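Visitor: My structure file final_11.cif, mmCIF, C-alpha atoms and all ligand atoms, is below:
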```cif
data_final
loop_
_atom_site.label_atom_id
_atom_site.label_comp_id
_atom_site.auth_asym_id
_atom_site.auth_seq_id
_atom_site.Cartn_x
_atom_site.Cartn_y
_atom_site.Cartn_z
CA MET R 1 2.86 2.46 29.71
CA GLY R 2 3.19 5.69 27.63
CA ALA R 3 0.65 6.59 24.95
CA SER R 4 3.09 5.78 22.15
CA ALA R 5 3.56 2.25 23.52
CA ARG R 6 -0.07 1.45 22.71
CA LEU R 7 0.09 2.74 19.15
CA LEU R 8 0.23 0.14 16.41
CA ARG R 9 3.10 0.34 13.93
CA ALA R 10 2.08 -1.78 10.95
CA ALA R 11 3.00 -2.23 7.31
CA ILE R 12 1.16 -3.89 4.44
CA MET R 13 3.23 -5.59 1.78
CA GLY R 14 2.60 -7.46 -1.44
CA ALA R 15 3.51 -7.30 -5.10
CA PRO R 16 2.31 -4.40 -7.27
CA GLY R 17 -1.44 -4.83 -7.69
CA SER R 18 -1.81 -7.37 -4.89
CA GLY R 19 -4.46 -5.17 -3.25
CA LYS R 20 -2.49 -3.18 -0.65
CA GLY R 21 -4.37 0.05 -1.34
CA THR R 22 -7.75 -1.69 -1.52
CA VAL R 23 -7.32 -3.61 1.73
CA SER R 24 -5.85 -0.52 3.46
CA SER R 25 -8.84 1.63 2.53
CA ARG R 26 -11.16 -0.97 4.08
CA ILE R 27 -9.01 -1.24 7.20
CA ILE R 28 -9.05 2.50 7.89
CA LYS R 29 -12.84 2.60 7.63
CA HIS R 30 -13.04 0.31 10.64
CA PHE R 31 -9.91 0.79 12.70
CA GLU R 32 -8.21 3.79 14.20
CA LEU R 33 -5.21 3.78 11.93
CA LYS R 34 -3.68 6.32 9.58
CA HIS R 35 -2.85 4.95 6.14
CA LEU R 36 0.36 6.20 4.52
CA SER R 37 0.91 4.98 0.95
CA SER R 38 4.36 5.70 -0.47
CA GLY R 39 2.97 5.45 -4.02
CA ASP R 40 0.17 7.96 -3.28
CA LEU R 41 2.75 10.26 -1.69
CA LEU R 42 4.90 10.10 -4.83
CA ARG R 43 1.93 10.57 -7.17
CA ASP R 44 0.86 13.61 -5.15
CA ASN R 45 4.37 15.05 -5.56
CA MET R 46 4.21 14.27 -9.29
CA LEU R 47 0.85 16.05 -9.63
CA ARG R 48 2.23 19.11 -7.82
CA GLY R 49 5.45 19.05 -9.89
CA THR R 50 7.74 19.13 -6.83
CA GLU R 51 11.44 18.31 -7.13
CA ILE R 52 10.80 14.84 -5.66
CA GLY R 53 7.84 14.39 -8.02
CA VAL R 54 9.92 15.20 -11.10
CA LEU R 55 12.65 12.81 -9.96
CA ALA R 56 10.14 10.06 -9.01
CA LYS R 57 8.47 10.15 -12.42
CA THR R 58 11.70 9.17 -14.18
CA PHE R 59 11.92 6.00 -12.05
CA ILE R 60 8.21 5.13 -11.89
CA ASP R 61 7.77 5.38 -15.68
CA GLN R 62 10.51 2.77 -16.07
CA GLY R 63 9.04 0.46 -13.43
CA LYS R 64 12.06 1.10 -11.17
CA LEU R 65 12.17 1.87 -7.47
CA ILE R 66 13.04 5.36 -6.25
CA PRO R 67 16.51 5.50 -4.57
CA ASP R 68 16.43 4.42 -0.93
CA ASP R 69 17.78 7.68 0.52
CA VAL R 70 15.10 9.80 -1.22
CA MET R 71 12.29 7.43 -0.28
CA THR R 72 13.37 6.98 3.31
CA ARG R 73 13.69 10.72 3.90
CA LEU R 74 10.26 11.33 2.37
CA VAL R 75 8.42 8.69 4.41
CA LEU R 76 10.19 9.34 7.72
CA HIS R 77 9.40 13.03 7.30
CA GLU R 78 5.67 12.22 6.87
CA LEU R 79 5.74 9.91 9.89
CA LYS R 80 6.95 12.77 12.09
CA HIS R 81 3.44 14.24 11.74
CA LEU R 82 1.87 10.96 12.88
CA THR R 83 3.69 10.23 16.12
CA GLN R 84 0.43 10.30 18.12
CA CYS R 85 -1.44 7.88 15.80
CA SER R 86 -1.39 4.21 15.00
CA TRP R 87 -0.35 3.83 11.40
CA LEU R 88 -0.30 1.44 8.48
CA LEU R 89 2.45 1.87 5.90
CA ASP R 90 1.62 0.77 2.36
CA GLY R 91 4.49 0.38 -0.11
CA PHE R 92 7.22 1.21 2.38
CA PRO R 93 9.62 -0.37 3.23
CA ARG R 94 10.29 -2.04 -0.08
CA THR R 95 14.00 -2.79 0.22
CA VAL R 96 16.08 -4.13 3.09
CA PRO R 97 17.94 -0.78 3.54
CA GLN R 98 14.52 0.95 3.85
CA ALA R 99 13.39 -1.61 6.44
CA GLU R 100 16.62 -1.09 8.40
CA ALA R 101 16.22 2.70 8.28
CA LEU R 102 12.63 2.39 9.53
CA ASP R 103 13.74 0.05 12.32
CA ARG R 104 16.21 2.61 13.57
CA VAL R 105 13.30 4.95 14.39
CA TYR R 106 10.22 2.75 14.99
CA GLN R 107 9.58 -0.76 16.17
CA ILE R 108 7.27 -2.48 13.68
CA ASP R 109 4.62 -4.62 15.41
CA THR R 110 3.15 -6.42 12.44
CA VAL R 111 3.56 -6.76 8.68
CA ILE R 112 0.55 -7.91 6.65
CA ASN R 113 1.69 -9.67 3.49
CA LEU R 114 -0.79 -10.16 0.63
CA ASN R 115 0.20 -13.17 -1.42
CA VAL R 116 -1.25 -13.00 -4.93
CA PRO R 117 0.12 -14.83 -8.01
CA PHE R 118 1.62 -12.65 -10.74
CA GLU R 119 -0.87 -13.87 -13.37
CA VAL R 120 -3.82 -12.65 -11.28
CA ILE R 121 -2.04 -9.34 -10.74
CA LYS R 122 -1.49 -8.67 -14.44
CA GLN R 123 -5.22 -9.12 -15.03
CA ARG R 124 -6.16 -6.84 -12.11
CA LEU R 125 -3.91 -4.01 -13.21
CA THR R 126 -5.30 -3.79 -16.71
CA ALA R 127 -8.76 -3.30 -15.15
CA ARG R 128 -7.66 -0.71 -12.55
CA TRP R 129 -8.82 2.93 -12.61
CA ILE R 130 -7.88 5.53 -10.02
CA HIS R 131 -8.99 8.95 -8.82
CA PRO R 132 -5.65 10.83 -8.90
CA ALA R 133 -6.44 13.49 -6.27
CA SER R 134 -7.48 11.05 -3.51
CA GLY R 135 -5.77 7.82 -4.59
CA ARG R 136 -9.15 6.00 -4.53
CA VAL R 137 -8.86 2.73 -6.44
CA TYR R 138 -11.47 1.02 -8.62
CA ASN R 139 -11.50 -2.05 -10.79
CA ILE R 140 -13.94 -2.45 -13.64
CA GLU R 141 -14.52 -6.09 -12.65
CA PHE R 142 -14.00 -6.22 -8.87
CA ASN R 143 -15.11 -2.86 -7.43
CA PRO R 144 -16.45 -0.70 -10.28
CA PRO R 145 -17.39 2.96 -9.75
CA LYS R 146 -21.14 3.72 -9.60
CA THR R 147 -20.80 5.53 -12.95
CA VAL R 148 -18.27 4.34 -15.53
CA GLY R 149 -15.13 6.52 -15.57
CA VAL R 150 -16.22 8.77 -12.68
CA ASP R 151 -15.13 8.95 -9.00
CA ASP R 152 -17.99 8.03 -6.62
CA LEU R 153 -17.35 10.85 -4.14
CA THR R 154 -16.25 13.83 -6.25
CA GLY R 155 -17.71 13.04 -9.69
CA GLU R 156 -14.25 13.77 -11.16
CA PRO R 157 -12.84 11.65 -14.00
CA LEU R 158 -10.91 8.44 -13.28
CA VAL R 159 -7.62 7.67 -15.05
CA GLN R 160 -5.42 4.64 -15.61
CA ARG R 161 -1.98 4.79 -14.03
CA GLU R 162 0.90 5.38 -16.47
CA ASP R 163 2.86 2.57 -14.81
CA ASP R 164 0.04 0.04 -15.42
CA LYS R 165 1.11 -0.45 -19.05
CA PRO R 166 1.85 -4.18 -19.50
CA GLU R 167 5.59 -3.70 -20.20
CA THR R 168 6.00 -1.49 -17.08
CA VAL R 169 4.00 -3.93 -14.93
CA ILE R 170 6.45 -6.71 -15.84
CA LYS R 171 9.39 -4.51 -14.78
CA ARG R 172 7.65 -3.65 -11.50
CA LEU R 173 7.04 -7.33 -10.76
CA LYS R 174 10.73 -8.09 -11.43
CA ALA R 175 11.80 -5.23 -9.13
CA TYR R 176 9.46 -6.68 -6.49
CA GLU R 177 11.04 -10.14 -6.78
CA ALA R 178 14.60 -8.85 -6.62
CA GLN R 179 14.31 -6.01 -4.10
CA THR R 180 11.14 -6.46 -2.03
CA GLU R 181 10.87 -10.22 -1.46
CA PRO R 182 14.02 -10.09 0.73
CA VAL R 183 12.13 -7.66 3.00
CA LEU R 184 9.54 -10.41 3.66
CA GLU R 185 12.35 -12.66 4.88
CA TYR R 186 13.69 -9.78 7.00
CA TYR R 187 10.35 -9.48 8.82
CA ARG R 188 9.78 -13.25 8.93
CA LYS R 189 13.02 -13.58 10.90
CA LYS R 190 11.80 -10.89 13.28
CA GLY R 191 8.59 -12.90 13.82
CA VAL R 192 6.20 -10.11 12.75
CA LEU R 193 5.17 -11.30 9.26
CA GLU R 194 1.54 -12.42 8.71
CA THR R 195 0.81 -13.76 5.23
CA PHE R 196 -2.72 -13.78 3.77
CA SER R 197 -3.66 -15.49 0.55
CA GLY R 198 -5.29 -13.10 -1.86
CA THR R 199 -6.08 -15.47 -4.69
CA GLU R 200 -9.83 -15.55 -4.15
CA THR R 201 -11.67 -12.29 -4.51
CA ASN R 202 -12.81 -10.79 -1.23
CA LYS R 203 -11.19 -13.46 0.92
CA ILE R 204 -8.27 -11.38 2.13
CA TRP R 205 -10.32 -8.82 3.99
CA PRO R 206 -12.12 -11.05 6.56
CA HIS R 207 -8.79 -12.59 7.57
CA VAL R 208 -7.05 -9.24 7.91
CA TYR R 209 -10.07 -7.89 9.77
CA ALA R 210 -10.12 -10.74 12.29
CA PHE R 211 -6.40 -10.36 12.82
CA LEU R 212 -6.54 -6.59 13.39
CA GLN R 213 -9.43 -6.87 15.84
CA THR R 214 -6.95 -8.35 18.28
CA LYS R 215 -4.41 -5.57 17.74
CA VAL R 216 -6.01 -2.17 17.41
CA PRO R 217 -9.18 -0.31 18.53
CA GLN R 218 -12.13 -0.15 16.15
CA THR R 219 -13.80 3.07 15.15
CA ASN R 220 -17.45 3.61 16.03
CA GLN R 221 -18.60 2.58 12.58
CA LYS R 222 -20.58 -0.62 12.35
CA ALA R 223 -18.17 -3.48 11.80
CA SER R 224 -18.65 -5.75 8.84
CA VAL R 225 -16.42 -8.23 7.10
CA HIS R 226 -17.92 -7.14 3.78
CA PRO R 227 -17.61 -3.35 3.88
P1 LIG E 1 2.77 1.94 -5.44
O1 LIG E 1 1.73 2.93 -5.74
O2 LIG E 1 3.03 1.52 -4.05
O3 LIG E 1 2.52 0.71 -6.38
P2 LIG E 1 2.65 -0.86 -6.14
O4 LIG E 1 3.34 -1.39 -4.96
O5 LIG E 1 3.20 -1.26 -7.44
O6 LIG E 1 1.22 -1.27 -5.78
P3 LIG E 1 -0.09 -0.80 -6.46
O7 LIG E 1 -0.53 0.49 -5.87
O8 LIG E 1 0.09 -0.87 -7.96
O9 LIG E 1 -1.06 -1.97 -6.08
P4 LIG E 1 -1.81 -2.28 -4.72
O10 LIG E 1 -1.15 -3.46 -4.08
O11 LIG E 1 -2.01 -1.06 -3.91
O12 LIG E 1 -3.17 -2.81 -5.32
P5 LIG E 1 -4.60 -2.09 -5.48
O13 LIG E 1 -5.30 -2.06 -4.16
O14 LIG E 1 -4.48 -0.82 -6.25
O15 LIG E 1 4.16 2.45 -6.03
C1 LIG E 1 4.25 2.94 -7.36
C2 LIG E 1 5.72 3.16 -7.71
O16 LIG E 1 6.29 4.13 -6.81
C3 LIG E 1 6.63 1.94 -7.56
O17 LIG E 1 6.61 1.14 -8.71
C4 LIG E 1 8.00 2.61 -7.33
O18 LIG E 1 8.54 3.08 -8.54
C5 LIG E 1 7.63 3.80 -6.48
N1 LIG E 1 7.71 3.50 -5.03
C6 LIG E 1 6.68 3.43 -4.16
N2 LIG E 1 7.13 3.11 -2.92
C7 LIG E 1 8.47 3.00 -3.02
C8 LIG E 1 9.48 2.67 -2.10
N3 LIG E 1 9.21 2.40 -0.80
N4 LIG E 1 10.76 2.61 -2.54
C9 LIG E 1 11.06 2.87 -3.82
N5 LIG E 1 10.16 3.18 -4.76
C10 LIG E 1 8.86 3.25 -4.36
O19 LIG E 1 -5.33 -3.21 -6.35
C11 LIG E 1 -4.95 -3.44 -7.69
C12 LIG E 1 -6.21 -3.66 -8.54
O20 LIG E 1 -6.79 -4.90 -8.15
C13 LIG E 1 -7.29 -2.58 -8.32
O21 LIG E 1 -7.95 -2.34 -9.53
C14 LIG E 1 -8.22 -3.24 -7.29
O22 LIG E 1 -9.55 -2.74 -7.43
C15 LIG E 1 -8.12 -4.72 -7.67
N6 LIG E 1 -8.27 -5.60 -6.53
C16 LIG E 1 -7.81 -5.40 -5.27
N7 LIG E 1 -8.12 -6.43 -4.47
C17 LIG E 1 -8.79 -7.32 -5.28
C18 LIG E 1 -9.36 -8.59 -5.05
N8 LIG E 1 -9.32 -9.16 -3.85
N9 LIG E 1 -9.92 -9.22 -6.10
C19 LIG E 1 -9.97 -8.64 -7.34
N10 LIG E 1 -9.47 -7.43 -7.62
C20 LIG E 1 -8.88 -6.79 -6.59
MG MG E 2 -1.46 0.97 -4.09
#
```
What is this structure when it is put down as structure tokens?

Guide:
Amino acid sequence: MGASARLLRAAIMGAPGSGKGTVSSRIIKHFELKHLSSGDLLRDNMLRGTEIGVLAKTFIDQGKLIPDDVMTRLVLHELKHLTQCSWLLDGFPRTVPQAEALDRVYQIDTVINLNVPFEVIKQRLTARWIHPASGRVYNIEFNPPKTVGVDDLTGEPLVQREDDKPETVIKRLKAYEAQTEPVLEYYRKKGVLETFSGTETNKIWPHVYAFLQTKVPQTNQKASVHP
């Protein structure tokens, strides 16, 4: 068996604000996986004012998805640097054409789906603060920073995401229903979809953790279901 055959190819899915970034950051503390967030990639391009960043901003500000060809090229390009690692995609694929494009290059082993009701999501997003440079995510109720408004690691200021305005959140949730829910069906039919209920705070992680223990090596850090 070649080295690449043992590498895990995973994706995490769920509506905007379902906790993909939060769960991913816990996963990578404990498992040998690289985390690639399409949203973080786009926000990094926006911060740097690249051509893709300028284009992405026009879609993100309206709560719309970036065109499939742009997004697919961007993510597949990043994945070329990660051929020797197990990885976890967050936010990609988000449409059936994206999933098909990914399938043409990689075989996806597992898709973790976080199932959180829209009402819970709306509440979470109004309380979310992020550190733009790293993508670190906080929530004033669920996982607050040690000091209000300040990133724990760098001491830099936290900001709210432009697309977390209530009217944009509603558009993002509609785009999710129309364009991303069919991707869940796509992976269900392939037999790789694992759905976890995220309605109760802190209950997703132990389930995801137990599941991943059977799939991918752990790092040397002390394992805990409450990291
Ligand atoms: P992206 O950044 O991927 O946004 P999203 O999918 O809308 O997801 P979020 O990052 O908003 O939420 P999350 O699920 O990561 O939740 P989080 O962990 O932060 O994409 C942004 C935009 O880019 C898209 O709208 C689109 O325009 C574009 N885009 C990206 N990918 C694309 C693609 N493939 N194709 C086309 N366009 C694309 O958690 C949310 C909050 O809840 C946080 O405050 C967190 O602290 C809190 N929280 C988390 N877990 C819990 C819990 N268990 N209990 C209580 N609070 C919790
Ligand atoms: Mg995220």

Visitor: Within 6 Å of ligand LIG 1 (chain E), which residues show up when you count only C-alpha atoms and all ligand atoms? List them as an NGL selection string, please.

Guide: :R and (15-22 or 38-40 or 59-60 or 63-66 or 71 or 91-94 or 124-125 or 127-128 or 137-139 or 142-143 or 172 or 198 or 201-202)

Visitor: Pick out the closest residue to ligand MG 2 (chain E) from this set: R:Arg43, R:Lys29, R:Lys171, R:His81. Count all atoms listed in the file.

Guide: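 Result for the nearest residue to ligand MG 2 (chain E): R:Arg43.
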
Visitor: What does the structure give for the distance between atom CA of Pro117 of chain R and atom CA of Val169 of chain R, in Å to one decimal?

Guide: 13.5 Å

Visitor: Taking the point (-1.3, -2.2, 22.0) as given in the file, collect each protein or nucleic acid residue that comes within 8 Å of it, counting all atoms listed in the file, and present the set as number ranges by chain.

Guide: R: 5-8, 215-216

Visitor: Please list, as a PyMOL selection string, the residues that have an atom at most 12 Å away from (15.4, 0.0, 5.0) in the coordinates of this file, counting only C-alpha atoms.

Guide: chain R and resi 67-73+75-76+92-106+179-180+182-183+186-187

Visitor: Could you jot down the atom CA of Leu173 of chain R to atom CA of Lys122 of chain R separation for me, Å, one decimal place?

Guide: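 According to the coordinates, atom CA of Leu173 of chain R and atom CA of Lys122 of chain R are separated by 9.4 Å.
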
Visitor: With 8 Å on each side, where is the centre of the axis-aligned box around all listed atoms of segment 7-13 of chain R, and how long are its edges in Å to one decimal, as AutoDock Vina command-line options?

Guide:
```
--center_x 1.7 --center_y -1.4 --center_z 10.5 --size_x 19.1 --size_y 24.3 --size_z 33.4
```

Visitor: How many Å lie between atom CA of Ile108 of chain R and atom CA of Thr219 of chain R, rounded to one decimal?

Guide: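 Atom-to-atom, atom CA of Ile108 of chain R to atom CA of Thr219 of chain R, that is 21.8 Å.
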
Visitor: Find, counting only C-alpha atoms and all ligand atoms, the residue in R:Asp90, R:Glu181, R:Glu167, R:Glu162 that gets nearest to ligand MG 2 (chain E).

Guide: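 Distance minimum relative to ligand MG 2 (chain E) lands on R:Asp90.
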
Visitor: Which one is closest to Leu114 of chain R: R:Met46, R:Leu153, R:Leu158, R:Leu193? Count all atoms listed in the file.

Guide: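 Of R:Met46, R:Leu153, R:Leu158, R:Leu193, the one nearest Leu114 of chain R is R:Leu193, counting all atoms listed in the file.
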
Visitor: Let me make sure I understand: among R:Ser197, R:Ser25, R:Thr168, R:Gln123, which one has the smallest atom-to-atom distance to ligand MG 2 (chain E) if we use only C-alpha atoms and all ligand atoms?

Guide: R:Ser25

Visitor: For Gln218 of chain R, work out the shell of residues within 8 Å, counting all atoms listed in the file and skipping chain neighbours fewer than 4 positions away, then give it as a ChimeraX atom specification.

Guide: /R:30-32,213

Visitor: Could you save those same residues with C-alpha atoms as a compact mmCIF listing (two decimals), in the coordinates of the input?

Guide:
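This went into selection.txt:
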```
# COMPACT_ATOMS: atom_id res chain seq x y z
CA HIS R 30 -13.04 0.31 10.64
CA PHE R 31 -9.91 0.79 12.70
CA GLU R 32 -8.21 3.79 14.20
CA GLN R 213 -9.43 -6.87 15.84
```

Visitor: Quick one: residues within 7 Å of segment 82-89 of chain R, all atoms listed in the file, excluding same-chain residues fewer than 2 positions away - as a PyMOL selection string?

Guide: chain R and resi 4+7-12+32-37+79-80+91-92

Visitor: Write the residues of the preceding selection, restricted to C-alpha atoms, as a PDB file, in the coordinates of the input.

Guide:
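Listed below is the output, again.pdb:
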```pdb
ATOM      1  CA  SER R   4       3.090   5.780  22.150  1.00  0.00           C
ATOM      2  CA  LEU R   7       0.090   2.740  19.150  1.00  0.00           C
ATOM      3  CA  LEU R   8       0.230   0.140  16.410  1.00  0.00           C
ATOM      4  CA  ARG R   9       3.100   0.340  13.930  1.00  0.00           C
ATOM      5  CA  ALA R  10       2.080  -1.780  10.950  1.00  0.00           C
ATOM      6  CA  ALA R  11       3.000  -2.230   7.310  1.00  0.00           C
ATOM      7  CA  ILE R  12       1.160  -3.890   4.440  1.00  0.00           C
ATOM      8  CA  GLU R  32      -8.210   3.790  14.200  1.00  0.00           C
ATOM      9  CA  LEU R  33      -5.210   3.780  11.930  1.00  0.00           C
ATOM     10  CA  LYS R  34      -3.680   6.320   9.580  1.00  0.00           C
ATOM     11  CA  HIS R  35      -2.850   4.950   6.140  1.00  0.00           C
ATOM     12  CA  LEU R  36       0.360   6.200   4.520  1.00  0.00           C
ATOM     13  CA  SER R  37       0.910   4.980   0.950  1.00  0.00           C
ATOM     14  CA  LEU R  79       5.740   9.910   9.890  1.00  0.00           C
ATOM     15  CA  LYS R  80       6.950  12.770  12.090  1.00  0.00           C
ATOM     16  CA  GLY R  91       4.490   0.380  -0.110  1.00  0.00           C
ATOM     17  CA  PHE R  92       7.220   1.210   2.380  1.00  0.00           C
TER      18      PHE R  92
END
```

Visitor: For ligand MG 2 (chain E), which residue among R:Glu194, R:Asp164, R:Asp152, R:Glu185 is the nearest when counting all atoms listed in the file?

Guide: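 The closest residue to ligand MG 2 (chain E) is R:Asp164.
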
Visitor: I'd like to know which of R:Thr199, R:Thr50, R:Met13, R:Gly149 is closest to ligand MG 2 (chain E), using all atoms listed in the file.

Guide: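 Of R:Thr199, R:Thr50, R:Met13, R:Gly149, the one nearest ligand MG 2 (chain E) is R:Met13, counting all atoms listed in the file.
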